[in-house]
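Visitor: Pasting in a structure now, in structure tokens, and then I'll have a few things to ask.
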Amino acid sequence: MEKTDIETRLRDVLVTELGLDAEKINPAANFETDLDVDSLGVVELLMAMEDEFGVKIPDDEAEHIHTVGEAIDLVHQKLNS
Amino acid sequence: MGVITPVGNDVDTFWQSLISGRSGVGPITHFDTTGYRTKIAGEVKDFDPEDHFDKREIRRLDPFSQFFLVAGRQALAQAKIAFAPEDADNERAGVMVGAGFGGMGTFIDEVALMLDRGPDRVSPTGIPKIIANMAAGLASIENNLLGPVSCVVTACSASANAIGDAAELIRRGAADVMLAGGSEAAITTYGVAGFNQSRALSVRNDEPARASRPFDAERDGFVMGEGGGALVLEDRDRALGRGAEIIGEIVGYGMSADAYHITLPRPGGTGAARAMKAAMTDAALKPSDISYINAHGTSTEANDATETAAIKIAFGDEAYRVPVSSTKSMTGHILGGAGAVEAIVSLLALNQGVLPPTINQETSDPECDLDYVPNEARRFSGEYAMSNSFGFGGHNVALVVGSASVAGAESA
């Protein structure tokens with residue numbers, strides 16, 4: 001799957017599943033500071049990513065996700081490894 | 001005061017429904033009732049969470065919290081009270097909320113998810129949505145209330161306890177302002193199934209509006225309601241000092257226990273009678289001072305006969321004089337939210353000079369022979385009313401409220 005496809009699907013998930021503001025979502029956006037995602041929201045984010053892309057994201061890998069771009073990269077890496 | 005109820009989502013609509021004798025009971029729409037003995041309830045209508053909360057908030061709010069928060073906003077707006085984060089006196093303001101269950105619907109959904117998809121698929125926000133104290137916590141967060149914030153969980157007497165406890169906190173100087181009340185949202189798959197199995201609910205499915213018939217001989221159980229009620233309680237001097245609109249006064253609070261059975265009231269009504277007497281003693285009032293009783297009046301066989309007996313013990317000869325009505329005949333039983341909703345009814349009755357009726361009075365029960373304000377609202381005048389609330393476990397609570405003129409007159 002191409003990164004652009006991942007970004008499109010991730011954006012949909014963030015808006016519909018997490019209720020984030022679509023206009024604020026871009027690869028540079030930081031989940032905590034730009035998108036107002038708290039610690040509970042991060043868990044929701046990981047679950048939504050796992051469900052959407054059929055991947056497993058262990059907690060130690062999840063710790064490195066701070067921005068939308070990093071989430072896209074992680075999914076891309078998992079789907080293509 | 002604020003309400004979200006099956007007969008109105010603001011105080012004016014709610015009151016007009018009650019004095020018109022309008023039932024809020026109908027077929028259950030929240031879930032498919034196939035296989036259920038009871039298929040009716042008093043659901044809240046025309047309540048769209050998106051009118052009150054944004055999408056991200058809604059994901060984290062069980063309906064029981066939504067009901068209390070919105071009722072609380074109505075009450076705070078009427079009281080013209082708003083605390084900013086930097087206000088010094090918000091440490092003197094708190095919240096006391098009653099709930100019977102908490103987020104029962106969320107609990108059901110999360111457990112189903114866990115059994116279906118595994119323990120790592122349940123929501124990280126499930127627990128905070130479910131816990132019964134969260135309406136109190138959320139109201140504190142939303143309104144910057146930093147003082148005493150707590151929750152009472154005494155089944156169907158919970159929000160009467162919450163109002164009494166909040167008034168006590170103000171009386172003993174622990175707070176100046178308390179947002180008090182309660183809510184419930186238990187018209188859920190398990191809520192109806194569970195009450196059905198305890199044989200507590202009416203099964204008059206073909207006649208929803210006639211199903212809740214407290215004190216009538218043909219009653220066959222209670223009808224579940226949902227919603228919430230909130231009041232702003234404020235230290236009298238503070239309220240008068242700022243020129244606040246005074247609605248009334250919490251003048252008496254009585255509690256007792258039946259120490260008898262998990263669901264049944266103690267026969268003879270001695271337990272409930274002690275709560276009523278205690279409330280009158282606390283208020284330094286006599287039975288002849290009470291002009292209206294808003295009964296617990298659930299429409300169950302046991303409650304209504306026992307409560308009638310209890311009123312006779314507590315009021316003596318005055319029992320046949322004082323009008324008693326159960327507005328659950330119209331709202332259904334809002335469980336943990338009932339006490340708050342009915343304390344509001346009691347205040348409205350005093351201030352409007354109108355007794356809301358008990359509807360569906362058709363066949364008299366020899367064990368229920370008081371004046372239940374049958375079927376039609378009635379004009380009256382009085383200064384004090386009592387509101388009764390009893391809960392599974394044997395909790396008995398009575399509140400005595402005074403009218404606006406009483407509250408103002410005593411302070412002058």
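Please note that chains go A, B, ... in the order of the structure tokens, that every chain numbers its residues from 1, and that ligands are numbered from 1 in the order shown.
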Using only C-alpha atoms, select each residue of chain A with any atom at most 9 Å away from an atom of chain B, and give the selection as a list in words.
Guide: Leu18, Gly19, Leu20, Leu40, Gly41, Val43, Glu44 and Met47 of chain A
Visitor: Run DSSP on the backbone and give me the residues of range 83-310 of chain B it puts in alpha helix (DSSP H), as a PyMOL selection string.
Guide: chain B and resi 104-117+126-130+134-143+158-171+189-197+236-241+270-283+301-310
Visitor: Point out the residue among A:Val75, A:Met1, A:Ala22, A:Val42 with the least atom-to-atom distance to Asp59 in chain A, counting only C-alpha atoms.
Guide: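 Of A:Val75, A:Met1, A:Ala22, A:Val42, the one nearest Asp59 in chain A is A:Val42, counting only C-alpha atoms.
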Visitor: What does the structure give for the distance between CA of Pro356 in chain B and CA of Asn294 in chain B, in Å to one decimal?
Guide: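 If I compute the distance from CA of Pro356 in chain B to CA of Asn294 in chain B, I get 9.0 Å.
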Visitor: Please identify all polymer residues within 8 Å of range 211-225 of chain B, counting only C-alpha atoms, omitting same-chain residues fewer than 5 positions from it, and present them as a ChimeraX atom specification.
Guide: /B:5-6,25,40-44,187,192,199-205,297-301,304-305,326,328-335,358-365,368,372
Visitor: Generate a file of the selected residues that holds N, CA and C atoms, formatted as a compact mmCIF listing (two decimals), in the first residue's frame.
Guide:
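File result.txt, as written:
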# COMPACT_ATOMS: atom_id res chain seq x y z
N THR B 5 -36.03 14.78 31.06
CA THR B 5 -36.96 13.74 31.48
C THR B 5 -37.76 13.19 30.29
N PRO B 6 -38.47 12.10 30.53
CA PRO B 6 -39.32 11.56 29.46
C PRO B 6 -40.48 12.47 29.08
N VAL B 25 -44.49 7.62 28.74
CA VAL B 25 -44.17 6.19 28.55
C VAL B 25 -44.60 5.74 27.16
N ILE B 40 -41.91 -1.61 27.21
CA ILE B 40 -42.24 -0.18 27.32
C ILE B 40 -41.36 0.48 28.38
N ALA B 41 -41.19 1.78 28.22
CA ALA B 41 -40.43 2.56 29.21
C ALA B 41 -40.67 4.05 28.93
N GLY B 42 -40.24 4.87 29.87
CA GLY B 42 -40.28 6.32 29.67
C GLY B 42 -38.91 6.76 29.18
N GLU B 43 -38.76 6.83 27.87
CA GLU B 43 -37.48 7.26 27.31
C GLU B 43 -37.44 8.78 27.17
N VAL B 44 -36.23 9.32 27.32
CA VAL B 44 -36.03 10.74 27.01
C VAL B 44 -36.20 10.91 25.50
N ILE B 187 -32.26 2.25 30.69
CA ILE B 187 -33.18 1.55 29.79
C ILE B 187 -32.32 0.88 28.73
N VAL B 192 -33.43 -3.70 31.58
CA VAL B 192 -34.81 -4.20 31.49
C VAL B 192 -34.86 -5.68 31.83
N ARG B 199 -39.09 -9.30 38.69
CA ARG B 199 -40.55 -9.13 38.65
C ARG B 199 -40.97 -7.75 39.17
N ALA B 200 -40.16 -6.76 38.83
CA ALA B 200 -40.44 -5.41 39.33
C ALA B 200 -41.20 -4.56 38.32
N LEU B 201 -41.15 -4.93 37.03
CA LEU B 201 -41.65 -4.04 35.98
C LEU B 201 -43.07 -4.37 35.53
N SER B 202 -43.80 -3.33 35.16
CA SER B 202 -45.10 -3.50 34.52
C SER B 202 -44.92 -4.20 33.17
N VAL B 203 -45.87 -5.06 32.84
CA VAL B 203 -45.87 -5.70 31.52
C VAL B 203 -47.11 -5.27 30.73
N ARG B 204 -47.62 -4.10 31.07
CA ARG B 204 -48.81 -3.59 30.37
C ARG B 204 -48.36 -2.99 29.03
N ASN B 205 -47.80 -3.85 28.19
CA ASN B 205 -47.16 -3.38 26.95
C ASN B 205 -48.14 -2.77 25.95
N GLY B 297 -43.98 6.36 45.29
CA GLY B 297 -45.05 5.91 44.39
C GLY B 297 -44.63 5.24 43.11
N THR B 298 -44.06 4.06 43.21
CA THR B 298 -43.45 3.44 42.03
C THR B 298 -44.43 2.72 41.13
N SER B 299 -45.60 2.36 41.67
CA SER B 299 -46.56 1.53 40.93
C SER B 299 -46.28 0.03 41.12
N THR B 300 -45.43 -0.30 42.09
CA THR B 300 -45.30 -1.71 42.44
C THR B 300 -46.30 -2.03 43.54
N GLU B 301 -46.68 -3.30 43.58
CA GLU B 301 -47.63 -3.76 44.59
C GLU B 301 -47.12 -3.39 45.99
N ASP B 304 -46.35 0.84 47.02
CA ASP B 304 -47.41 1.84 47.18
C ASP B 304 -48.25 1.59 48.43
N ALA B 305 -48.50 0.31 48.75
CA ALA B 305 -49.24 0.00 49.97
C ALA B 305 -48.38 0.34 51.20
N SER B 326 -47.91 10.85 42.89
CA SER B 326 -46.71 10.25 42.30
C SER B 326 -46.59 10.68 40.85
N LYS B 328 -44.28 9.75 39.05
CA LYS B 328 -43.78 8.60 38.29
C LYS B 328 -44.88 8.02 37.41
N SER B 329 -46.14 8.33 37.73
CA SER B 329 -47.23 7.89 36.86
C SER B 329 -47.07 8.46 35.45
N MET B 330 -46.32 9.55 35.33
CA MET B 330 -46.09 10.18 34.02
C MET B 330 -44.66 10.03 33.51
N THR B 331 -43.70 10.16 34.42
CA THR B 331 -42.29 10.11 34.00
C THR B 331 -41.75 8.69 33.94
N GLY B 332 -42.44 7.74 34.55
CA GLY B 332 -41.79 6.48 34.84
C GLY B 332 -40.80 6.70 35.98
N HIS B 333 -40.08 5.63 36.31
CA HIS B 333 -39.18 5.70 37.46
C HIS B 333 -37.75 5.97 36.98
N ILE B 334 -37.26 7.15 37.29
CA ILE B 334 -35.92 7.56 36.81
C ILE B 334 -34.83 7.06 37.75
N LEU B 335 -35.18 6.15 38.62
CA LEU B 335 -34.21 5.42 39.45
C LEU B 335 -33.31 6.39 40.21
N THR B 358 -51.62 12.25 40.17
CA THR B 358 -51.23 10.87 39.90
C THR B 358 -52.19 10.39 38.81
N ILE B 359 -51.68 10.11 37.64
CA ILE B 359 -52.62 9.69 36.58
C ILE B 359 -52.90 8.18 36.68
N ASN B 360 -53.85 7.75 35.89
CA ASN B 360 -54.26 6.34 35.83
C ASN B 360 -54.90 5.85 37.13
N GLN B 361 -55.61 6.75 37.79
CA GLN B 361 -56.36 6.33 38.98
C GLN B 361 -57.75 5.92 38.53
N GLU B 362 -58.00 4.61 38.50
CA GLU B 362 -59.28 4.11 37.99
C GLU B 362 -59.96 3.17 38.98
N THR B 363 -59.18 2.34 39.65
CA THR B 363 -59.75 1.35 40.56
C THR B 363 -59.09 1.51 41.91
N SER B 364 -59.86 1.82 42.92
CA SER B 364 -59.23 2.09 44.20
C SER B 364 -58.79 0.80 44.90
N ASP B 365 -57.68 0.92 45.59
CA ASP B 365 -57.11 -0.19 46.35
C ASP B 365 -57.37 0.11 47.81
N CYS B 368 -54.65 1.54 49.71
CA CYS B 368 -54.15 2.85 49.28
C CYS B 368 -55.34 3.81 49.29
N TYR B 372 -54.64 10.95 46.50
CA TYR B 372 -53.51 10.86 45.58
C TYR B 372 -53.61 11.87 44.43
Visitor: Please identify all polymer residues within 12 Å of Asp12 in chain B, counting only C-alpha atoms, omitting same-chain residues fewer than 6 positions from it, and present them as a list of chain:residue names.
Guide: B:Met1, B:Gly2, B:Val3, B:Ile4, B:Thr5, B:Leu18, B:Ile19, B:Gln74, B:Ile344, B:Val345, B:Leu348, B:Gln352
Visitor: Find the distance between CA of Ile127 in chain B and CA of Phe64 in chain B and write it in Å to one decimal.
Guide: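 Going from CA of Ile127 in chain B over to CA of Phe64 in chain B, I get 13.9 Å.
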Visitor: Quick one: DSSP strand (DSSP E or B) residues in range 80-132 of chain B, as a ChimeraX atom specification?
Guide: /B:93-98
Visitor: If we count only C-alpha atoms, what is near Asn161 in chain B at a cut-off of 8 Å, once residues fewer than 6 positions away on the same chain are taken out, given as a list in words?
Guide: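 Skipping anything fewer than 6 positions along the chain leaves Gly98, Val152, Thr154, Gly339 and Val397 of chain B.
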Visitor: For a quick check of understanding, using only C-alpha atoms, which of B:Ser403, B:Asp46, B:Asp206, B:Ala112 has the smallest distance to Pro27 in chain B?
Guide: B:Asp206
Visitor: If we count only C-alpha atoms and set the cut-off at 9 Å, which residues sit around Ala180 in chain B, ignoring sequence neighbours fewer than 2 positions away in its own chain? Please answer as a list in words.
Guide: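 Result of the neighbour search: Gly72, Gly94, Val95, Met96, Val97, Gly98, Ala136, Ser159, Ala162, Ile163, Gly164, Asp165, Ala166, Ala167, Met178, Gly182, Gly229, Ala230, Leu231, Val232, Leu233 and Ala340 of chain B.
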Visitor: Can you pull out every residue within 12 Å of His64 in chain A, counting only C-alpha atoms, but drop anything in the same chain fewer than 4 positions away, and send it as a list in words?
Guide: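 Result of the neighbour search: Asn30, Phe31, Val42, Leu46, Ile57, Pro58, Asp59, Asp60, Val68, Gly69, Glu70, Ala71, Ile72, Asp73 and Leu74 of chain A.
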Visitor: Output all heavy atoms for every residue in the selection just made, as a short mmCIF file (atom, residue, chain, number, x, y, z; two decimals), in the first residue's frame.
Guide:
data_model
loop_
_atom_site.label_atom_id
_atom_site.label_comp_id
_atom_site.auth_asym_id
_atom_site.auth_seq_id
_atom_site.Cartn_x
_atom_site.Cartn_y
_atom_site.Cartn_z
N ASN A 30 1.21 17.03 15.28
CA ASN A 30 1.53 16.26 16.49
C ASN A 30 0.22 15.89 17.18
O ASN A 30 -0.63 16.76 17.41
CB ASN A 30 2.40 17.13 17.41
CG ASN A 30 2.81 16.37 18.67
OD1 ASN A 30 1.98 16.06 19.51
ND2 ASN A 30 4.10 16.09 18.78
N PHE A 31 0.07 14.60 17.50
CA PHE A 31 -1.20 14.15 18.07
C PHE A 31 -1.52 14.88 19.38
O PHE A 31 -2.65 15.32 19.60
CB PHE A 31 -1.18 12.63 18.32
CG PHE A 31 -1.32 11.83 17.06
CD1 PHE A 31 -0.24 11.10 16.55
CD2 PHE A 31 -2.52 11.82 16.37
CE1 PHE A 31 -0.37 10.38 15.38
CE2 PHE A 31 -2.65 11.09 15.19
CZ PHE A 31 -1.57 10.36 14.69
N VAL A 42 -4.56 8.19 22.70
CA VAL A 42 -3.48 7.49 22.00
C VAL A 42 -3.81 6.01 21.90
O VAL A 42 -3.60 5.37 20.86
CB VAL A 42 -2.13 7.70 22.73
CG1 VAL A 42 -1.08 6.75 22.20
CG2 VAL A 42 -1.68 9.15 22.60
N LEU A 46 -4.22 3.84 18.47
CA LEU A 46 -3.51 2.59 18.13
C LEU A 46 -4.50 1.49 17.77
O LEU A 46 -4.30 0.75 16.81
CB LEU A 46 -2.63 2.15 19.31
CG LEU A 46 -1.51 3.12 19.68
CD1 LEU A 46 -0.80 2.66 20.94
CD2 LEU A 46 -0.52 3.25 18.53
N ILE A 57 0.52 -3.27 16.71
CA ILE A 57 1.47 -2.23 17.12
C ILE A 57 1.75 -2.39 18.61
O ILE A 57 0.95 -1.98 19.45
CB ILE A 57 0.91 -0.82 16.84
CG1 ILE A 57 0.50 -0.70 15.36
CG2 ILE A 57 1.94 0.24 17.21
CD1 ILE A 57 -0.22 0.59 15.03
N PRO A 58 2.88 -3.04 18.95
CA PRO A 58 3.23 -3.21 20.38
C PRO A 58 3.48 -1.84 21.03
O PRO A 58 3.83 -0.87 20.35
CB PRO A 58 4.52 -4.04 20.35
CG PRO A 58 4.65 -4.54 18.95
CD PRO A 58 3.90 -3.60 18.07
N ASP A 59 3.35 -1.80 22.35
CA ASP A 59 3.51 -0.54 23.08
C ASP A 59 4.88 0.11 22.84
O ASP A 59 4.98 1.33 22.75
CB ASP A 59 3.31 -0.75 24.59
CG ASP A 59 1.82 -0.88 24.94
OD1 ASP A 59 0.98 -0.71 24.03
OD2 ASP A 59 1.52 -1.14 26.11
N ASP A 60 5.95 -0.73 22.72
CA ASP A 60 7.29 -0.13 22.57
C ASP A 60 7.43 0.56 21.22
O ASP A 60 8.15 1.54 21.08
CB ASP A 60 8.40 -1.17 22.81
CG ASP A 60 8.30 -2.35 21.87
OD1 ASP A 60 7.21 -2.55 21.28
OD2 ASP A 60 9.30 -3.08 21.72
N VAL A 68 1.27 12.49 12.86
CA VAL A 68 0.50 11.74 11.86
C VAL A 68 1.46 11.07 10.88
O VAL A 68 1.28 9.91 10.51
CB VAL A 68 -0.48 12.68 11.12
CG1 VAL A 68 -1.18 11.96 9.97
CG2 VAL A 68 -1.51 13.25 12.11
N GLY A 69 2.51 11.79 10.48
CA GLY A 69 3.49 11.25 9.53
C GLY A 69 4.17 10.01 10.08
O GLY A 69 4.39 9.03 9.36
N GLU A 70 4.51 10.04 11.38
CA GLU A 70 5.15 8.87 11.99
C GLU A 70 4.21 7.68 12.03
O GLU A 70 4.63 6.53 11.89
CB GLU A 70 5.64 9.23 13.41
CG GLU A 70 6.86 10.13 13.38
CD GLU A 70 7.18 10.77 14.73
OE1 GLU A 70 6.41 10.56 15.70
OE2 GLU A 70 8.19 11.48 14.80
N ALA A 71 2.92 7.95 12.23
CA ALA A 71 1.94 6.87 12.22
C ALA A 71 1.85 6.26 10.82
O ALA A 71 1.81 5.03 10.67
CB ALA A 71 0.58 7.39 12.66
N ILE A 72 1.86 7.12 9.80
CA ILE A 72 1.81 6.64 8.42
C ILE A 72 3.04 5.78 8.11
O ILE A 72 2.95 4.69 7.55
CB ILE A 72 1.72 7.83 7.44
CG1 ILE A 72 0.38 8.56 7.62
CG2 ILE A 72 1.89 7.36 5.99
CD1 ILE A 72 0.34 9.93 6.94
N ASP A 73 4.22 6.29 8.53
CA ASP A 73 5.46 5.56 8.27
C ASP A 73 5.45 4.18 8.92
O ASP A 73 5.89 3.20 8.33
CB ASP A 73 6.66 6.36 8.80
CG ASP A 73 6.95 7.59 7.95
OD1 ASP A 73 6.43 7.65 6.81
OD2 ASP A 73 7.68 8.49 8.41
N LEU A 74 4.95 4.13 10.16
CA LEU A 74 4.96 2.85 10.88
C LEU A 74 4.06 1.84 10.17
O LEU A 74 4.43 0.68 9.99
CB LEU A 74 4.51 3.05 12.34
CG LEU A 74 4.54 1.79 13.20
CD1 LEU A 74 5.98 1.30 13.40
CD2 LEU A 74 3.87 2.03 14.55
#
